[in-house]
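Next up, upload-v3.cif (mmCIF, C-alpha atoms):
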data_data
loop_
_atom_site.group_PDB
_atom_site.id
_atom_site.type_symbol
_atom_site.label_atom_id
_atom_site.label_comp_id
_atom_site.auth_asym_id
_atom_site.auth_seq_id
_atom_site.Cartn_x
_atom_site.Cartn_y
_atom_site.Cartn_z
ATOM 1 C CA MET A 25 0.000 0.000 0.000
ATOM 2 C CA THR A 26 1.456 3.312 -1.032
ATOM 3 C CA GLU A 27 1.418 6.248 1.331
ATOM 4 C CA ALA A 28 -0.575 9.280 0.196
ATOM 5 C CA ALA A 29 1.476 12.316 -0.725
ATOM 6 C CA PRO A 30 1.404 15.126 1.839
ATOM 7 C CA HIS A 31 -1.176 17.776 1.011
ATOM 8 C CA SER A 32 1.543 20.386 0.484
ATOM 9 C CA ALA A 33 3.286 18.150 -2.078
ATOM 10 C CA ARG A 34 0.203 17.887 -4.309
ATOM 11 C CA PRO A 35 -0.003 20.323 -7.252
ATOM 12 C CA ALA A 36 -2.950 22.230 -5.772
ATOM 13 C CA GLY A 37 -1.274 22.510 -2.388
ATOM 14 C CA LEU A 38 2.027 23.582 -3.926
ATOM 15 C CA ARG A 39 0.263 26.220 -5.980
ATOM 16 C CA ARG A 40 -1.492 27.609 -2.909
ATOM 17 C CA GLN A 41 1.815 27.735 -1.067
ATOM 18 C CA ALA A 42 3.439 29.561 -3.965
ATOM 19 C CA GLU A 43 0.552 32.010 -4.266
ATOM 20 C CA ALA A 44 0.579 32.671 -0.530
ATOM 21 C CA LEU A 45 4.299 33.308 -0.642
ATOM 22 C CA ALA A 46 3.995 35.514 -3.722
ATOM 23 C CA SER A 47 1.294 37.620 -2.075
ATOM 24 C CA THR A 48 3.794 38.756 0.559
ATOM 25 C CA LEU A 49 6.392 39.785 -2.001
ATOM 26 C CA PRO A 50 4.624 41.920 -4.639
ATOM 27 C CA PRO A 51 6.882 45.003 -4.728
ATOM 28 C CA LEU A 52 10.255 43.299 -5.181
ATOM 29 C CA MET A 53 8.993 40.542 -7.472
ATOM 30 C CA ALA A 54 6.977 42.925 -9.624
ATOM 31 C CA ASP A 55 9.877 45.346 -9.912
ATOM 32 C CA ALA A 56 12.284 42.531 -10.788
ATOM 33 C CA ARG A 57 9.984 41.174 -13.494
ATOM 34 C CA HIS A 58 9.478 44.651 -14.909
ATOM 35 C CA LEU A 59 13.215 45.296 -14.970
ATOM 36 C CA ALA A 60 13.884 41.944 -16.629
ATOM 37 C CA ALA A 61 11.223 42.690 -19.239
ATOM 38 C CA THR A 62 12.961 45.933 -20.223
ATOM 39 C CA VAL A 63 16.101 44.071 -21.189
ATOM 40 C CA GLN A 64 15.750 42.735 -24.718
ATOM 41 C CA LEU A 65 17.882 39.623 -25.033
ATOM 42 C CA GLY A 66 18.596 37.127 -27.744
ATOM 43 C CA GLU A 67 18.648 33.380 -27.485
ATOM 44 C CA HIS A 68 20.831 31.961 -24.689
ATOM 45 C CA GLY A 69 22.025 28.886 -26.562
ATOM 46 C CA ARG A 70 25.642 27.802 -26.252
ATOM 47 C CA ARG A 71 25.922 26.308 -29.729
ATOM 48 C CA LEU A 72 27.514 23.083 -28.596
ATOM 49 C CA SER A 73 26.636 19.640 -29.892
ATOM 50 C CA GLY A 74 24.881 17.374 -27.429
ATOM 51 C CA MET A 75 21.636 15.929 -26.092
ATOM 52 C CA GLY A 76 19.379 18.965 -26.307
ATOM 53 C CA ASP A 77 16.102 19.510 -28.127
ATOM 54 C CA GLU A 78 16.997 22.322 -30.533
ATOM 55 C CA PHE A 79 18.295 21.537 -34.023
ATOM 56 C CA TRP A 80 21.791 22.850 -34.620
ATOM 57 C CA GLN A 81 23.263 21.512 -37.853
ATOM 58 C CA TYR A 82 23.662 18.565 -40.226
ATOM 59 C CA ARG A 83 27.012 16.799 -40.401
ATOM 60 C CA PRO A 84 28.240 13.913 -42.581
ATOM 61 C CA ALA A 85 27.711 10.519 -40.964
ATOM 62 C CA HIS A 86 30.824 8.895 -39.513
ATOM 63 C CA ALA A 87 31.721 5.272 -38.975
ATOM 64 C CA GLY A 88 30.109 4.219 -35.721
ATOM 65 C CA ASP A 89 27.012 6.419 -36.008
ATOM 66 C CA GLU A 90 23.848 4.459 -35.328
ATOM 67 C CA ALA A 91 21.385 4.079 -38.174
ATOM 68 C CA ARG A 92 18.665 5.791 -36.137
ATOM 69 C CA ALA A 93 20.835 8.898 -35.872
ATOM 70 C CA ILE A 94 20.868 9.383 -39.655
ATOM 71 C CA ASP A 95 18.409 11.863 -41.134
ATOM 72 C CA TRP A 96 17.244 9.846 -44.129
ATOM 73 C CA ARG A 97 15.200 12.674 -45.629
ATOM 74 C CA ARG A 98 18.233 14.994 -45.735
ATOM 75 C CA SER A 99 20.479 12.141 -46.874
ATOM 76 C CA GLY A 100 18.084 11.325 -49.699
ATOM 77 C CA ARG A 101 18.810 14.688 -51.293
ATOM 78 C CA ALA A 102 22.536 13.961 -51.560
ATOM 79 C CA ASP A 103 24.993 11.186 -52.308
ATOM 80 C CA ALA A 104 26.056 10.997 -48.648
ATOM 81 C CA GLN A 105 24.402 10.263 -45.324
ATOM 82 C CA PHE A 106 23.856 13.045 -42.782
ATOM 83 C CA VAL A 107 23.277 13.118 -39.033
ATOM 84 C CA ARG A 108 20.986 15.733 -37.510
ATOM 85 C CA GLU A 109 22.836 17.247 -34.539
ATOM 86 C CA LYS A 110 21.123 19.020 -31.677
ATOM 87 C CA GLU A 111 22.369 21.829 -29.515
ATOM 88 C CA TRP A 112 23.727 21.102 -26.047
ATOM 89 C CA GLN A 113 21.515 22.735 -23.466
ATOM 90 C CA ALA A 114 22.801 21.437 -20.144
ATOM 91 C CA ALA A 115 21.655 23.833 -17.431
ATOM 92 C CA GLN A 116 24.272 25.794 -15.532
ATOM 93 C CA SER A 117 24.150 26.742 -11.853
ATOM 94 C CA VAL A 118 24.496 30.358 -10.769
ATOM 95 C CA HIS A 119 24.858 31.373 -7.114
ATOM 96 C CA LEU A 120 23.908 34.848 -5.860
ATOM 97 C CA TRP A 121 25.205 36.623 -2.784
ATOM 98 C CA VAL A 122 23.600 39.952 -1.884
ATOM 99 C CA ASP A 123 25.184 41.796 1.022
ATOM 100 C CA ASP A 124 22.609 42.317 3.792
ATOM 101 C CA ALA A 125 24.867 44.318 6.109
ATOM 102 C CA ARG A 126 23.720 47.628 7.549
ATOM 103 C CA SER A 127 26.074 49.649 5.325
ATOM 104 C CA MET A 128 23.932 48.616 2.352
ATOM 105 C CA GLU A 129 20.956 50.546 3.774
ATOM 106 C CA PHE A 130 22.628 53.856 2.966
ATOM 107 C CA THR A 131 21.270 56.306 0.428
ATOM 108 C CA GLY A 132 22.459 59.858 -0.086
ATOM 109 C CA ASP A 133 19.016 61.007 -1.267
ATOM 110 C CA PRO A 134 15.601 59.907 0.055
ATOM 111 C CA LYS A 135 14.374 59.814 -3.551
ATOM 112 C CA ARG A 136 17.100 57.340 -4.521
ATOM 113 C CA GLN A 137 17.135 53.608 -3.856
ATOM 114 C CA ALA A 138 19.276 52.419 -1.004
ATOM 115 C CA LYS A 139 22.197 50.237 -2.071
ATOM 116 C CA ALA A 140 20.523 47.166 -0.602
ATOM 117 C CA ASP A 141 17.302 47.767 -2.552
ATOM 118 C CA ARG A 142 19.181 48.180 -5.819
ATOM 119 C CA ALA A 143 21.338 45.099 -5.201
ATOM 120 C CA ARG A 144 18.319 42.930 -4.370
ATOM 121 C CA LEU A 145 16.444 44.206 -7.410
ATOM 122 C CA LEU A 146 19.352 43.436 -9.730
ATOM 123 C CA ALA A 147 19.880 39.991 -8.208
ATOM 124 C CA LEU A 148 16.239 38.948 -8.510
ATOM 125 C CA ALA A 149 15.842 40.399 -12.022
ATOM 126 C CA LEU A 150 18.982 38.514 -13.044
ATOM 127 C CA ALA A 151 17.485 35.344 -11.577
ATOM 128 C CA VAL A 152 14.322 35.922 -13.636
ATOM 129 C CA LEU A 153 16.372 36.141 -16.828
ATOM 130 C CA LEU A 154 18.574 33.162 -16.000
ATOM 131 C CA ILE A 155 15.720 30.868 -15.004
ATOM 132 C CA ARG A 156 13.813 31.931 -18.106
ATOM 133 C CA ALA A 157 16.888 30.855 -20.083
ATOM 134 C CA GLY A 158 16.903 27.405 -18.467
ATOM 135 C CA GLU A 159 19.565 27.992 -15.815
ATOM 136 C CA ARG A 160 19.458 26.913 -12.177
ATOM 137 C CA VAL A 161 19.811 29.820 -9.743
ATOM 138 C CA GLY A 162 20.323 29.810 -6.010
ATOM 139 C CA LEU A 163 22.065 31.571 -3.172
ATOM 140 C CA ALA A 164 25.681 31.259 -2.147
ATOM 141 C CA ASP A 165 24.605 29.923 1.242
ATOM 142 C CA PRO A 166 22.713 26.671 1.958
ATOM 143 C CA ILE A 167 19.344 28.417 2.406
ATOM 144 C CA ALA A 168 18.391 28.156 -1.271
ATOM 145 C CA PRO A 169 20.519 25.808 -3.419
ATOM 146 C CA PRO A 170 20.327 26.282 -7.202
ATOM 147 C CA ARG A 171 17.049 25.221 -8.773
ATOM 148 C CA SER A 172 14.960 26.250 -11.731
ATOM 149 C CA GLY A 173 11.322 27.233 -11.989
ATOM 150 C CA GLU A 174 8.853 29.777 -10.710
ATOM 151 C CA VAL A 175 8.815 28.501 -7.136
ATOM 152 C CA GLN A 176 12.567 29.048 -6.921
ATOM 153 C CA LEU A 177 12.090 32.698 -7.851
ATOM 154 C CA LEU A 178 9.667 33.034 -4.952
ATOM 155 C CA ARG A 179 12.192 31.416 -2.607
ATOM 156 C CA LEU A 180 14.851 33.881 -3.721
ATOM 157 C CA ALA A 181 12.498 36.840 -3.362
ATOM 158 C CA GLN A 182 11.646 35.711 0.149
ATOM 159 C CA ALA A 183 15.327 35.389 1.028
ATOM 160 C CA PHE A 184 16.056 38.868 -0.311
ATOM 161 C CA THR A 185 13.288 40.440 1.759
ATOM 162 C CA ARG A 186 14.625 39.185 5.069
ATOM 163 C CA ALA A 187 15.565 41.766 7.664
ATOM 164 C CA ALA A 188 18.994 43.311 7.325
ATOM 165 C CA GLY A 189 21.868 41.795 9.243
ATOM 166 C CA LYS A 190 23.325 43.376 12.345
ATOM 167 C CA ALA A 191 26.907 43.808 11.123
ATOM 168 C CA ASP A 192 28.120 47.125 9.760
ATOM 169 C CA PHE A 193 29.765 45.453 6.774
ATOM 170 C CA GLY A 194 29.210 42.159 5.027
ATOM 171 C CA ALA A 195 31.535 39.289 4.151
ATOM 172 C CA PRO A 196 30.901 37.194 0.999
ATOM 173 C CA GLU A 197 29.582 33.671 1.474
ATOM 174 C CA ALA A 198 31.084 30.932 -0.710
ATOM 175 C CA ARG A 199 30.907 27.684 1.263
ATOM 176 C CA ALA A 200 27.793 26.336 -0.444
ATOM 177 C CA ILE A 201 28.782 27.228 -4.011
ATOM 178 C CA LEU A 202 28.875 24.156 -6.241
ATOM 179 C CA PRO A 203 32.129 23.239 -8.011
ATOM 180 C CA GLY A 204 32.315 24.437 -11.600
ATOM 181 C CA SER A 205 29.377 26.803 -11.232
ATOM 182 C CA ARG A 206 29.201 30.588 -11.520
ATOM 183 C CA ALA A 207 28.512 33.245 -8.915
ATOM 184 C CA VAL A 208 27.588 36.899 -8.580
ATOM 185 C CA PHE A 209 28.441 38.905 -5.464
ATOM 186 C CA LEU A 210 26.660 42.257 -5.016
ATOM 187 C CA SER A 211 27.918 44.506 -2.228
ATOM 188 C CA ASP A 212 29.441 47.883 -1.490
ATOM 189 C CA PHE A 213 32.543 45.933 -0.397
ATOM 190 C CA MET A 214 33.245 48.536 2.248
ATOM 191 C CA GLY A 215 34.230 45.892 4.794
ATOM 192 C CA ASP A 216 37.510 44.066 5.243
ATOM 193 C CA PRO A 217 38.804 43.177 1.744
ATOM 194 C CA ASP A 218 40.514 40.128 3.246
ATOM 195 C CA SER A 219 37.071 38.508 3.519
ATOM 196 C CA VAL A 220 36.593 39.022 -0.217
ATOM 197 C CA GLU A 221 40.004 37.517 -0.925
ATOM 198 C CA LYS A 222 39.168 34.493 1.227
ATOM 199 C CA ALA A 223 35.808 33.919 -0.494
ATOM 200 C CA LEU A 224 37.291 34.280 -3.966
ATOM 201 C CA GLY A 225 40.090 31.887 -3.081
ATOM 202 C CA ARG A 226 37.587 29.305 -1.877
ATOM 203 C CA ALA A 227 35.545 29.773 -5.062
ATOM 204 C CA ALA A 228 38.580 29.558 -7.326
ATOM 205 C CA ASP A 229 39.605 26.291 -5.666
ATOM 206 C CA LYS A 230 36.243 24.891 -6.783
ATOM 207 C CA GLY A 231 36.656 26.104 -10.348
ATOM 208 C CA VAL A 232 33.961 28.750 -9.844
ATOM 209 C CA THR A 233 33.992 31.896 -11.972
ATOM 210 C CA GLY A 234 31.840 34.946 -11.500
ATOM 211 C CA ILE A 235 31.345 38.649 -10.982
ATOM 212 C CA LEU A 236 31.959 41.159 -8.215
ATOM 213 C CA MET A 237 29.530 44.071 -8.610
ATOM 214 C CA GLN A 238 30.252 46.920 -6.249
ATOM 215 C CA VAL A 239 27.081 48.932 -5.589
ATOM 216 C CA LEU A 240 27.730 52.489 -4.407
ATOM 217 C CA ASP A 241 25.656 55.602 -3.841
ATOM 218 C CA PRO A 242 26.813 58.660 -5.855
ATOM 219 C CA VAL A 243 27.516 60.458 -2.580
ATOM 220 C CA GLU A 244 30.095 57.804 -1.731
ATOM 221 C CA GLU A 245 31.889 58.550 -4.989
ATOM 222 C CA ALA A 246 31.742 62.354 -4.807
ATOM 223 C CA PHE A 247 32.227 62.936 -1.060
ATOM 224 C CA PRO A 248 30.416 66.325 -1.168
ATOM 225 C CA PHE A 249 30.819 67.013 2.564
ATOM 226 C CA ASP A 250 32.312 70.210 3.963
ATOM 227 C CA GLY A 251 32.499 71.981 7.305
ATOM 228 C CA ARG A 252 31.364 70.352 10.540
ATOM 229 C CA THR A 253 30.194 66.822 9.828
ATOM 230 C CA ILE A 254 29.540 63.715 11.888
ATOM 231 C CA PHE A 255 30.237 60.464 10.022
ATOM 232 C CA GLU A 256 28.533 57.465 11.573
ATOM 233 C CA SER A 257 28.175 53.874 10.391
ATOM 234 C CA MET A 258 24.651 52.619 9.707
ATOM 235 C CA ALA A 259 24.779 50.374 12.787
ATOM 236 C CA GLY A 260 26.172 53.185 14.910
ATOM 237 C CA THR A 261 29.278 51.283 15.955
ATOM 238 C CA VAL A 262 31.698 53.707 14.270
ATOM 239 C CA SER A 263 31.512 57.484 14.558
ATOM 240 C CA HIS A 264 33.827 60.321 13.589
ATOM 241 C CA GLU A 265 33.252 64.060 13.962
ATOM 242 C CA THR A 266 35.233 66.691 12.106
ATOM 243 C CA ARG A 267 34.982 70.452 11.668
ATOM 244 C CA LYS A 268 36.685 70.351 8.272
ATOM 245 C CA ALA A 269 35.144 67.505 6.305
ATOM 246 C CA GLY A 270 36.406 69.003 3.061
ATOM 247 C CA ASP A 271 39.969 68.353 4.161
ATOM 248 C CA LEU A 272 39.221 64.607 4.158
ATOM 249 C CA ARG A 273 37.979 64.498 0.557
ATOM 250 C CA ASP A 274 41.291 63.777 -1.188
ATOM 251 C CA ARG A 275 42.305 61.091 1.304
ATOM 252 C CA TYR A 276 38.898 59.456 1.114
ATOM 253 C CA LEU A 277 38.859 59.391 -2.679
ATOM 254 C CA ALA A 278 42.391 57.977 -2.720
ATOM 255 C CA ARG A 279 41.376 55.213 -0.300
ATOM 256 C CA LEU A 280 38.284 54.437 -2.382
ATOM 257 C CA ALA A 281 40.390 54.199 -5.547
ATOM 258 C CA GLU A 282 42.829 51.879 -3.760
ATOM 259 C CA ARG A 283 39.969 49.650 -2.653
ATOM 260 C CA LYS A 284 38.536 49.435 -6.145
ATOM 261 C CA ASP A 285 41.951 48.572 -7.511
ATOM 262 C CA ARG A 286 42.408 45.815 -4.941
ATOM 263 C CA LEU A 287 38.954 44.374 -5.674
ATOM 264 C CA ALA A 288 39.690 44.416 -9.396
ATOM 265 C CA THR A 289 43.021 42.693 -8.798
ATOM 266 C CA LEU A 290 41.477 40.027 -6.555
ATOM 267 C CA ALA A 291 38.777 39.372 -9.140
ATOM 268 C CA ARG A 292 41.289 39.113 -11.976
ATOM 269 C CA GLN A 293 43.498 36.695 -10.042
ATOM 270 C CA ALA A 294 40.481 34.449 -9.384
ATOM 271 C CA GLY A 295 39.312 34.597 -12.989
ATOM 272 C CA TRP A 296 36.349 36.800 -12.065
ATOM 273 C CA LEU A 297 35.105 40.151 -13.379
ATOM 274 C CA PHE A 298 34.760 43.350 -11.345
ATOM 275 C CA THR A 299 32.552 46.361 -11.985
ATOM 276 C CA THR A 300 31.025 49.269 -10.063
ATOM 277 C CA HIS A 301 27.382 50.294 -10.329
ATOM 278 C CA HIS A 302 25.962 53.519 -8.906
ATOM 279 C CA THR A 303 22.431 53.706 -7.564
ATOM 280 C CA GLY A 304 21.967 56.985 -9.415
ATOM 281 C CA ASP A 305 22.382 55.178 -12.747
ATOM 282 C CA PRO A 306 19.664 53.144 -14.524
ATOM 283 C CA ALA A 307 19.333 49.594 -13.271
ATOM 284 C CA GLN A 308 18.713 48.316 -16.818
ATOM 285 C CA ALA A 309 22.301 48.943 -17.899
ATOM 286 C CA ALA A 310 23.695 47.078 -14.883
ATOM 287 C CA LEU A 311 21.344 44.129 -15.430
ATOM 288 C CA LEU A 312 22.240 43.850 -19.103
ATOM 289 C CA TRP A 313 25.957 43.982 -18.244
ATOM 290 C CA LEU A 314 25.569 41.236 -15.627
ATOM 291 C CA TYR A 315 23.622 38.962 -17.936
ATOM 292 C CA ALA A 316 25.949 39.498 -20.889
ATOM 293 C CA ALA A 317 29.001 38.874 -18.690
ATOM 294 C CA LEU A 318 27.559 35.612 -17.363
ATOM 295 C CA ARG A 319 26.596 34.493 -20.840
ATOM 296 C CA LYS A 320 30.109 35.158 -22.132
ATOM 297 C CA ASP A 321 31.603 33.439 -19.085
ATOM 298 C CA GLY A 322 29.307 30.458 -19.471
#
Go ahead and render the structure in this file as structure tokens.
Amino acid sequence: MTEAAPHSARPAGLRRQAEALASTLPPLMADARHLAATVQLGEHGRRLSGMGDEFWQYRPAHAGDEARAIDWRRSGRADAQFVREKEWQAAQSVHLWVDDARSMEFTGDPKRQAKADRARLLALALAVLLIRAGERVGLADPIAPPRSGEVQLLRLAQAFTRAAGKADFGAPEARAILPGSRAVFLSDFMGDPDSVEKALGRAADKGVTGILMQVLDPVEEAFPFDGRTIFESMAGTVSHETRKAGDLRDRYLARLAERKDRLATLARQAGWLFTTHHTGDPAQAALLWLYAALRKDG
């Protein structure tokens, strides 16, 4: 006697679960789908011969080819026999890490998205595009391993809408990334760069390639402060008061440039790509760059 499937595992129950979950996530999911829809993309095929469903090309039959592999209609139009090859469409796994540290809550203008909001939007919109293209997408931690399908998008959206972490700055997570997969890390990378180096080293040891996208607010690039200013971390654990903030501008910009250079070097050494995106710029351009970079890398 077979045991009845749990109610939640039945199609109707699964659909109700998905709909219930989706109802709690309308803003982020809707925005991500809208952003993904604005990016016009071509076919995601890799043009490799294999066991896919899409026709790729005819090739002359070789010794050892099975008779059932020969396309007799095409062969009948020539003096040779031809095999109908199909395109390889093996799904790839992509892991996402979106920094949830308090520093990501910063915005220099109430009318502008906080860094965390922009990073989550880009990550989920990228997941929409990748899953639509047949990829498996998950997180870089064990909470949501790579899967395909609509329910996985809801899992990711739920993970991205969790409360922010308590730390001032985040550290990339790479322990759960599958060997030979790809990854995308989105963060301001304002924390200890040694944590980035450690995560990239762990990923490189697994043959993982990917992208570091540094998300910054325009204020963090321009440092427009002058006169008496109190600088305080988002968690309130670090504070610095100065009467001449303008005198710090050159040193700050030099330190920021050094950090970007180190991140770019770490990425290059690991076989990754590095880029900076500003929350004052359109999200569409950043999404298209991410998708194109992953497609080229894949």
The PyMOL selection byres ((chain A and resi 120) around 6) - which residues does that actually catch in the file I just gave you? List them as a PDB file with C-alpha atoms, in the coordinates of the input.
ATOM      1  CA  HIS A 119      24.858  31.373  -7.114  1.00  0.00           C
ATOM      2  CA  TRP A 121      25.205  36.623  -2.784  1.00  0.00           C
ATOM      3  CA  LEU A 163      22.065  31.571  -3.172  1.00  0.00           C
ATOM      4  CA  ALA A 164      25.681  31.259  -2.147  1.00  0.00           C
ATOM      5  CA  ALA A 207      28.512  33.245  -8.915  1.00  0.00           C
ATOM      6  CA  VAL A 208      27.588  36.899  -8.580  1.00  0.00           C
TER       7      VAL A 208
END
- Item | Selection near Glu244 in chain A, 10 Å with only C-alpha atoms, sequence-local residues under 6 positions removed, as a list in words | Phe130, Thr131, Gly132, Asp212, Tyr276, Leu277, Leu280 and His302 of chain A
- Point-to-point distance in Å for CA of Gly295 in chain A and CA of Lys230 in chain A: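 If I compute the distance from CA of Lys230 in chain A to CA of Gly295 in chain A, I get 11.9 Å.
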Residues matched by the PyMOL selection byres ((chain A and resi 305) around 12), written as a PDB file with C-alpha atoms, in the frame of the given file:
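Result file is selection.pdb:
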ATOM      1  CA  ARG A 136      17.100  57.340  -4.521  1.00  0.00           C
ATOM      2  CA  GLN A 137      17.135  53.608  -3.856  1.00  0.00           C
ATOM      3  CA  LYS A 139      22.197  50.237  -2.071  1.00  0.00           C
ATOM      4  CA  ARG A 142      19.181  48.180  -5.819  1.00  0.00           C
ATOM      5  CA  VAL A 239      27.081  48.932  -5.589  1.00  0.00           C
ATOM      6  CA  LEU A 240      27.730  52.489  -4.407  1.00  0.00           C
ATOM      7  CA  ASP A 241      25.656  55.602  -3.841  1.00  0.00           C
ATOM      8  CA  PRO A 242      26.813  58.660  -5.855  1.00  0.00           C
ATOM      9  CA  THR A 300      31.025  49.269 -10.063  1.00  0.00           C
ATOM     10  CA  HIS A 301      27.382  50.294 -10.329  1.00  0.00           C
ATOM     11  CA  HIS A 302      25.962  53.519  -8.906  1.00  0.00           C
ATOM     12  CA  THR A 303      22.431  53.706  -7.564  1.00  0.00           C
ATOM     13  CA  GLY A 304      21.967  56.985  -9.415  1.00  0.00           C
ATOM     14  CA  PRO A 306      19.664  53.144 -14.524  1.00  0.00           C
ATOM     15  CA  ALA A 307      19.333  49.594 -13.271  1.00  0.00           C
ATOM     16  CA  GLN A 308      18.713  48.316 -16.818  1.00  0.00           C
ATOM     17  CA  ALA A 309      22.301  48.943 -17.899  1.00  0.00           C
ATOM     18  CA  ALA A 310      23.695  47.078 -14.883  1.00  0.00           C
ATOM     19  CA  LEU A 311      21.344  44.129 -15.430  1.00  0.00           C
TER      20      LEU A 311
END
- Task: Name the residues that the PyMOL selection byres ((chain A and resi 201) around 9) pulls out of this structure, and write them as number ranges by chain.
- Result: A: 118-119, 163-166, 169, 197-200, 202-207, 227, 230, 232
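In this model, the gap between CA of Leu145 in chain A and CA of Arg171 in chain A comes to 19.0 Å.
With all atoms listed in the file as the atoms that count, the residue of A:Gln176, A:Thr233, A:Ser99, A:Ser127 with the shortest distance to Ala191 in chain A is A:Ser127.
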Generate the coordinates of all heavy atoms for range 116-122 of chain A; report them as a tab-separated table (two decimals), in the frame of the given file.
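Writing the result to rebuild03.tsv gives the following:
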chain	number	residue	atom	x	y	z
A	116	GLN	N	23.17	25.36	-16.37
A	116	GLN	CA	24.27	25.79	-15.53
A	116	GLN	C	23.71	26.26	-14.19
A	116	GLN	O	22.54	26.63	-14.08
A	116	GLN	CB	25.02	26.94	-16.20
A	116	GLN	CG	25.61	26.60	-17.56
A	116	GLN	CD	26.87	25.75	-17.42
A	116	GLN	OE1	27.71	26.02	-16.58
A	116	GLN	NE2	26.98	24.73	-18.25
A	117	SER	N	24.55	26.25	-13.17
A	117	SER	CA	24.15	26.74	-11.85
A	117	SER	C	24.80	28.09	-11.59
A	117	SER	O	26.01	28.27	-11.82
A	117	SER	CB	24.56	25.75	-10.76
A	117	SER	OG	23.83	24.56	-10.85
A	118	VAL	N	24.01	29.02	-11.11
A	118	VAL	CA	24.50	30.36	-10.77
A	118	VAL	C	24.10	30.65	-9.32
A	118	VAL	O	22.94	30.51	-8.95
A	118	VAL	CB	23.90	31.43	-11.70
A	118	VAL	CG1	24.42	32.82	-11.31
A	118	VAL	CG2	24.23	31.14	-13.16
A	119	HIS	N	25.09	31.05	-8.52
A	119	HIS	CA	24.86	31.37	-7.11
A	119	HIS	C	24.90	32.88	-6.93
A	119	HIS	O	25.79	33.56	-7.47
A	119	HIS	CB	25.93	30.74	-6.23
A	119	HIS	CG	25.91	29.24	-6.23
A	119	HIS	ND1	25.29	28.50	-5.25
A	119	HIS	CD2	26.46	28.34	-7.10
A	119	HIS	CE1	25.45	27.21	-5.49
A	119	HIS	NE2	26.15	27.09	-6.61
A	120	LEU	N	23.97	33.42	-6.14
A	120	LEU	CA	23.91	34.85	-5.86
A	120	LEU	C	24.21	35.11	-4.39
A	120	LEU	O	23.74	34.39	-3.51
A	120	LEU	CB	22.51	35.39	-6.20
A	120	LEU	CG	22.00	35.14	-7.61
A	120	LEU	CD1	20.54	35.59	-7.72
A	120	LEU	CD2	22.86	35.87	-8.64
A	121	TRP	N	25.01	36.14	-4.15
A	121	TRP	CA	25.20	36.62	-2.78
A	121	TRP	C	24.94	38.12	-2.79
A	121	TRP	O	25.61	38.87	-3.52
A	121	TRP	CB	26.62	36.35	-2.27
A	121	TRP	CG	26.82	36.97	-0.89
A	121	TRP	CD1	26.32	36.52	0.29
A	121	TRP	CD2	27.57	38.15	-0.58
A	121	TRP	NE1	26.69	37.34	1.32
A	121	TRP	CE2	27.46	38.36	0.82
A	121	TRP	CE3	28.30	39.06	-1.34
A	121	TRP	CZ2	28.07	39.44	1.47
A	121	TRP	CZ3	28.91	40.14	-0.70
A	121	TRP	CH2	28.80	40.31	0.69
A	122	VAL	N	23.95	38.53	-2.01
A	122	VAL	CA	23.60	39.95	-1.88
A	122	VAL	C	23.89	40.37	-0.45
A	122	VAL	O	23.32	39.82	0.50
A	122	VAL	CB	22.12	40.20	-2.24
A	122	VAL	CG1	21.79	41.68	-2.08
A	122	VAL	CG2	21.83	39.74	-3.66
